[in-house]
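Notes for the one structure printed next.
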Amino acid sequence: MRTPTRARYFLFAPFAMITSAALLLTGCGSGDDSSGAGAADVAARSDKIPTTDMVSGIPKDKAAAELLPPGTTHLTVAVAVGGTPPGTTYLDDGKTLTGQDVDFTKAVANVLGLRLTVEQAGFEAILPALDSGKYDFGASNFGVTDERRKTIDFVTYINDGQGFAVRKDSKLTKITDLEQLCGLNIATGAGTTFEATLEENKHLCTDADKKPYSVQTYAEQGAIWSSVQQGRSDIVMSTINGLRYAVAHQPGLKFLGEFHRLDVGFAFRKNTKLAPAFRAAVNRLIADDTYDKILRKWGTTGSAIAKSQISPPELKN
């Protein structure tokens with residue numbers, strides 16, 4: 001659901017910032033619909049991207065690090081850039097990567113005492129590349145689904161979800177059944193769980209003798225919002241936090257609420273030996289206040305999990 005870009009390479013020690021060449025900011029991002037927690041909380045405080053450093057002082061945890069395969073001191077992580085907070089984007093300097101996934105990746109690296117090479121890739125290209133060994137893991141808000149678990153291992157760190165947003169003048173209300181979308185043009189990210197969900201359920205409209213909806217996929221979030229604002233698309237399906245942030249920062253939009261919850265995790269090739277260490281690292285962060293600090297920074301406290309898991313079954317809700 002983000003812009004495919006040419007890979008760029010960075011090496012950072014556990015306490016260093018991830019940086020890159022300048023790219024334009026675009027638009028993307030889970031929260032609790034009833035509580036109001038979410039990315040909009042950040043927007044209410046400031047239009048600026050939060051920059052408080054929550055992770056540089058995190059010490060190495062010997063017990064967690066000992067779970068790594070012997071000799072593991074450096075890993076390559078793939079990230080997709082081109083979203084808006086809490087998704088991965090750039091600060092105003094056009095060089096420093098930031099976002100919730102960035103903070104969690106850096107925090108886990110610190111706990112495990114790892115150095116990371118960070119490579120940019122299109123969102124839809126990361127998971128297929130894990131099996132080839134091109135990347136050791138991916139960190140781009142990957143939802144845990146039963147279909148993905150057939151070929152990918154996950155280590156969860158937040159609970160995210162699928163939701164919808166429209167222009168304010170739309171008569172659409174909360175979406176509880178995809179049959180409500182029949183006959184509409186739906187904009188979403190290419191290679192995402194949203195695209196898969198929509199494609200798998202197109203039959204709901206034909207089964208009900210209704211006009212099918214049209215799935216319009218984009219690799220770049222800015223194109224999604226342009227399509228809605230200009231009337232080429234009727235509705236957007238994306239992550240809950242990303243939608244809340246977009247609605248808070250773009251005039252003329254409204255959030256229609258949560259549709260389906262998903263655990264989100266770091267993604268690895270199947271049967272990875274890295275998973276136990278990453279799970280221990282996330283649980284170490286949860287055990288102290290670091291985990292909550294990161295969520296509060298990004299306004300995503302409704303996405304908190306009680307403990308990290310390795311490839312749990314897809315949530316059914």
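Quick note on naming: the chains in the structure tokens go A, B, ... in the order shown, residues restart at 1 in each chain, and ligands are numbered from 1 in order of appearance.
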Fewer than 6 positions away in the same chain doesn't count, so skip those; otherwise give me all residues within 12 Å of A:Lys150, counting only C-alpha atoms, as an NGL selection string.
-> :A and (127 or 131 or 144 or 268-271 or 311-314)
Write the residues of the selection above to a file with C-alpha atoms, as an mmCIF file, in the first residue's frame.
```cif
data_model
loop_
_atom_site.group_PDB
_atom_site.id
_atom_site.type_symbol
_atom_site.label_atom_id
_atom_site.label_comp_id
_atom_site.auth_asym_id
_atom_site.auth_seq_id
_atom_site.Cartn_x
_atom_site.Cartn_y
_atom_site.Cartn_z
ATOM 1 C CA LEU A 127 6.845 -10.742 1.590
ATOM 2 C CA ASP A 131 11.855 -16.693 1.094
ATOM 3 C CA VAL A 144 -1.271 -11.679 10.165
ATOM 4 C CA PHE A 268 10.059 -13.615 8.304
ATOM 5 C CA ARG A 269 10.594 -16.513 5.934
ATOM 6 C CA LYS A 270 8.798 -19.688 7.056
ATOM 7 C CA ASN A 271 10.437 -21.668 9.876
ATOM 8 C CA SER A 311 2.252 -16.628 13.879
ATOM 9 C CA PRO A 312 -1.049 -16.707 15.782
ATOM 10 C CA PRO A 313 -4.218 -17.683 13.856
ATOM 11 C CA GLU A 314 -5.942 -14.857 12.041
#
```
How would you write, as a ChimeraX atom specification, the set of residues in stretch 37-140 of chain A that DSSP gives as helix (DSSP H, G or I)?
-> /A:39-45,62-65,100-112,123-130
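Atom to atom, atom CA of A:Ser132 and atom CA of A:Thr76 stand 12.8 Å apart.
Among the candidate residues A:Phe259, A:Phe164, A:Phe142, A:Tyr157, the one lying nearest to A:Asp103 is A:Tyr157, with distances computed using only C-alpha atoms.
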Between A:Gly138, A:Gly257, A:Pro50, A:Gly302, which has the minimum distance to A:Ser238 (counting only C-alpha atoms)?
-> A:Gly257
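Near A:Pro70, within 12 Å and counting only C-alpha atoms, sit Lys273, Leu274 and Ala277 of chain A; same-chain residues fewer than 6 positions away were not included.
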Please provide as a PyMOL selection string all residues within 6 Å of A:Lys60, with the sequence filter that same-chain residues fewer than 5 positions apart are discarded (counting only C-alpha atoms).
-> chain A and resi 110-113
